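One structure below.
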Amino acid sequence: MFSARLFAKMLGGYVLCIGISHAHIVLTDQLALAGSYYKGSLRVGHGCGDESTTAIVVKMPAGFEGAKPQPKFGWTLSIKKELLSKPYKSHGKTITDDVVEIRWEANNKDFYLPNEQFDEFSFFAHLPAKSGPHWISVRQECTKGINDWSEVPASGTSTKGLKTPAALLELLPSQEHHQH
Ligand SMILES: [Cu+2]
């Protein structure tokens with residue numbers, strides 16, 4: 001499953017990561033196999049300026065199926081679902097609506113995430129079968145102001161020059177037939 005090519009690509013991604021990981025909201029794992037089940041952790045590295053983070057809202061890209069958030073002590077979860085244009089089957093059931101947005105909100109100021117600290121917000125989802133880059137928009141709400149992490153480059157996957165890029169997840173073609 002872990003081919004040399006995948007490993008080389010992962011190393012490449014890791015090197016890229018070192019350059020940008022000090023800032024922004026990024027996935028801790030930015031490469032995954034298309035069609036696999038994936039745990040994504042969004043690392044929040046800073047607040048809005050000096051302001052503490054009070055909520056994180058993640059938009060699930062199209063084709064991410066059955067997304068589930070990881071609960072967080074002191075943070076209230078809410079989920080938005082939408083009707084699907086293309087229903088799919090999961091565990092023998094036809095799924096007609098799916099999670100499109102996950103929101104974590106701090107219950108009170110004791111749980112705010114200060115600019116001086118970092119934290120991770122995780123979800124689990126079934127990834128699309130098609131390889132290629134996917135951009136995950138994240139809204140960061142703070143005690144004052146918000147950061148809208150939704151910028152996407154015109155082409156390619158470099159976020160250089162973007163002030164508030166969306167989080168990138170690159171899907172690699174899976175050699176083996178998907179089993180589930
Ligand atoms: Cu940043």
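Identifiers in the structure tokens: chain A, B, ... in order shown; residue index from 1 per chain; ligand index from 1 in order shown.
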8 Å from ligand 1 is the threshold here; counting only C-alpha atoms and all ligand atoms, which polymer residues fall inside it? Answer as JSON, numbers by chain. {"A": [22, 23, 24, 25, 45, 46, 163, 164]}
Go ahead and write the selection's residues with C-alpha atoms as a PDB file, in the first residue's frame.
```pdb
ATOM      1  CA  HIS A  22       4.466  28.028  11.087  1.00  0.00           C
ATOM      2  CA  ALA A  23       1.418  29.935  10.005  1.00  0.00           C
ATOM      3  CA  HIS A  24      -2.075  29.528   8.668  1.00  0.00           C
ATOM      4  CA  ILE A  25      -4.506  26.676   9.111  1.00  0.00           C
ATOM      5  CA  GLY A  45      -1.331  27.890  14.483  1.00  0.00           C
ATOM      6  CA  HIS A  46      -2.407  31.366  15.478  1.00  0.00           C
ATOM      7  CA  LYS A 163      -2.746  35.661   2.459  1.00  0.00           C
ATOM      8  CA  THR A 164      -5.424  33.290   3.675  1.00  0.00           C
TER       9      THR A 164
END
```
Using only C-alpha atoms, determine which residues lie at most 12 Å from A:Tyr37, disregarding the query and same-chain residues fewer than 3 positions distant; provide the list as a short mmCIF file (atom, residue, chain, number, x, y, z; two decimals) with N, CA and C atoms, in the first residue's frame.
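Result written to result_16.cif:
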```
data_model
loop_
_atom_site.label_atom_id
_atom_site.label_comp_id
_atom_site.auth_asym_id
_atom_site.auth_seq_id
_atom_site.Cartn_x
_atom_site.Cartn_y
_atom_site.Cartn_z
N ALA A 32 -3.20 11.91 0.83
CA ALA A 32 -3.99 10.74 1.17
C ALA A 32 -4.33 10.00 -0.11
N LEU A 33 -4.72 8.75 0.03
CA LEU A 33 -5.12 7.98 -1.14
C LEU A 33 -6.56 8.28 -1.50
N ALA A 34 -6.78 8.51 -2.80
CA ALA A 34 -8.14 8.73 -3.27
C ALA A 34 -9.01 7.54 -2.89
N GLY A 40 -8.61 13.86 9.03
CA GLY A 40 -7.96 15.15 8.80
C GLY A 40 -7.90 15.94 10.08
N PHE A 64 -16.64 14.52 -0.41
CA PHE A 64 -16.20 14.01 0.89
C PHE A 64 -17.45 13.45 1.57
N GLU A 65 -17.48 12.14 1.76
CA GLU A 65 -18.71 11.50 2.21
C GLU A 65 -18.71 11.18 3.70
N GLY A 66 -19.86 11.36 4.30
CA GLY A 66 -20.08 10.91 5.68
C GLY A 66 -19.15 11.52 6.70
N ALA A 67 -18.85 12.80 6.55
CA ALA A 67 -17.88 13.43 7.45
C ALA A 67 -18.38 13.41 8.90
N LYS A 68 -17.44 13.13 9.80
CA LYS A 68 -17.74 13.10 11.24
C LYS A 68 -16.71 13.95 11.95
N PHE A 123 -11.52 15.75 11.81
CA PHE A 123 -12.71 15.13 11.23
C PHE A 123 -12.29 13.85 10.53
N PHE A 124 -13.30 13.07 10.17
CA PHE A 124 -13.08 11.79 9.52
C PHE A 124 -14.04 11.76 8.33
N ALA A 125 -13.56 11.32 7.18
CA ALA A 125 -14.45 11.30 6.01
C ALA A 125 -13.97 10.28 5.00
N HIS A 126 -14.90 9.88 4.13
CA HIS A 126 -14.54 9.02 3.00
C HIS A 126 -14.20 9.94 1.84
N LEU A 127 -13.00 9.76 1.30
CA LEU A 127 -12.50 10.68 0.27
C LEU A 127 -13.01 10.31 -1.12
N PRO A 128 -13.08 11.31 -2.01
CA PRO A 128 -13.48 11.03 -3.40
C PRO A 128 -12.51 10.05 -4.07
N ALA A 129 -13.02 9.37 -5.09
CA ALA A 129 -12.21 8.36 -5.78
C ALA A 129 -11.22 8.97 -6.76
N LEU A 171 -4.94 14.23 -3.18
CA LEU A 171 -5.32 12.82 -3.25
C LEU A 171 -4.48 12.12 -4.31
N HIS A 178 -10.42 -0.35 -4.27
CA HIS A 178 -10.96 0.06 -2.99
C HIS A 178 -11.86 -1.03 -2.40
N GLN A 179 -11.57 -1.40 -1.19
CA GLN A 179 -12.36 -2.45 -0.56
C GLN A 179 -13.13 -1.88 0.61
N HIS A 180 -14.43 -2.07 0.56
CA HIS A 180 -15.22 -1.75 1.74
C HIS A 180 -16.61 -2.33 1.59
#
```
What does the structure give for the distance between atom CA of A:Leu172 and atom CA of A:Gly35, in Å to one decimal?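 Computing the Euclidean distance for atom CA of A:Leu172 and atom CA of A:Gly35 yields 9.3 Å.
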Determine, counting only C-alpha atoms, which protein, DNA and RNA residues have an atom within 8 Å of an atom of A:Val152; residues of the same chain fewer than 3 positions away are not included. Present the result as a PyMOL selection string. chain A and resi 135+159+162+165-166
Let me see the file: selected residues, N, CA and C atoms, as a compact mmCIF listing (two decimals), in the first residue's frame.
```txt
# COMPACT_ATOMS: atom_id res chain seq x y z
N TRP A 135 -9.32 21.50 -1.92
CA TRP A 135 -9.12 22.63 -1.01
C TRP A 135 -10.25 22.67 0.00
N THR A 159 0.65 27.75 -2.38
CA THR A 159 -0.13 28.79 -1.72
C THR A 159 0.72 30.05 -1.51
N LEU A 162 -0.51 33.82 -1.26
CA LEU A 162 -1.89 33.91 -0.78
C LEU A 162 -1.88 34.28 0.70
N PRO A 165 -4.87 31.21 2.50
CA PRO A 165 -5.20 30.05 1.65
C PRO A 165 -6.08 29.03 2.38
N ALA A 166 -6.90 28.33 1.59
CA ALA A 166 -7.64 27.19 2.11
C ALA A 166 -6.64 26.08 2.42
```
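If you look at atom CA of A:Tyr112 and atom CA of A:Lys39, they are 23.7 Å away from each other.
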Could you make a table, as a Markdown table, of the residues of stretch 30-131 of chain A that have an atom within 7 Å of an atom of stretch 142-149 of chain A, each with its nearest atom pair and distance in Å to one decimal, counting only C-alpha atoms, in chain and number order?
```
| residue | atom | partner | partner_atom | distance |
| --- | --- | --- | --- | --- |
| A:Gly47 | CA | A:Cys142 | CA | 6.8 |
| A:Cys48 | CA | A:Cys142 | CA | 6.1 |
| A:Glu51 | CA | A:Thr143 | CA | 5.8 |
| A:Ser52 | CA | A:Cys142 | CA | 5.3 |
| A:Thr53 | CA | A:Cys142 | CA | 4.2 |
| A:Thr54 | CA | A:Cys142 | CA | 4.9 |
| A:Ala55 | CA | A:Cys142 | CA | 6.8 |
```
Convert the current residue selection to file output with N, CA and C atoms, as a compact mmCIF listing (two decimals), in the first residue's frame.
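Writing the result to again-v5.txt gives the following:
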```txt
# COMPACT_ATOMS: atom_id res chain seq x y z
N GLY A 47 -4.07 32.98 16.14
CA GLY A 47 -5.40 33.58 16.18
C GLY A 47 -5.60 34.54 15.02
N CYS A 48 -6.54 35.46 15.19
CA CYS A 48 -6.73 36.53 14.21
C CYS A 48 -5.92 37.72 14.72
N GLU A 51 -5.75 38.13 18.52
CA GLU A 51 -7.02 37.73 19.14
C GLU A 51 -7.17 36.21 19.23
N SER A 52 -7.81 35.77 20.31
CA SER A 52 -8.03 34.34 20.54
C SER A 52 -9.08 33.78 19.58
N THR A 53 -8.90 32.51 19.25
CA THR A 53 -9.87 31.80 18.40
C THR A 53 -11.05 31.33 19.24
N THR A 54 -12.26 31.60 18.77
CA THR A 54 -13.46 31.20 19.52
C THR A 54 -14.27 30.13 18.79
N ALA A 55 -14.07 30.02 17.46
CA ALA A 55 -14.80 29.00 16.70
C ALA A 55 -14.04 28.66 15.42
```
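Minimum atom-to-atom distance to A:Val100, evaluated using only C-alpha atoms, belongs to A:Lys81 out of A:Lys72, A:Arg139, A:Arg43, A:Lys81.
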Determine which residues of chain A DSSP labels as alpha helix (DSSP H) from the backbone of this structure, then write them out as a list in words. Ala4, Arg5, Leu6, Phe7, Ala8, Lys9, Met10, Leu11, Gly12, Gly13, Tyr14, Val15, Leu16, Cys17, Ile18, Gly19 and Ile20 of chain A
Please, what distance in Å, to one decimal, runs between atom CA of A:Leu77 and atom CA of A:Tyr38?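 Between these atoms lies a distance of 19.6 Å.
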Would you return as a PyMOL selection string the members of stretch 3-178 of chain A that DSSP assigns to strand (DSSP E) on this structure's backbone? chain A and resi 25-27+31-33+37-44+53-59+65-69+75-90+93-106+119-126+132-136+138-142+146-149+167-172
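Nearest residue to A:Lys86 among A:Pro71, A:Ala62, A:Asn108, A:Phe121 is A:Ala62, counting only C-alpha atoms.
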Selected residue of minimal separation from A:His134 among A:Glu151, A:Glu170, A:Glu116, A:Glu105, counting only C-alpha atoms: A:Glu170
So, with only C-alpha atoms as the atoms that count, which of A:Gly132, A:Gly92, A:Pro114, A:Gly63 lies closest to A:Ser174?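 Closest to A:Ser174, using only C-alpha atoms: A:Gly132.
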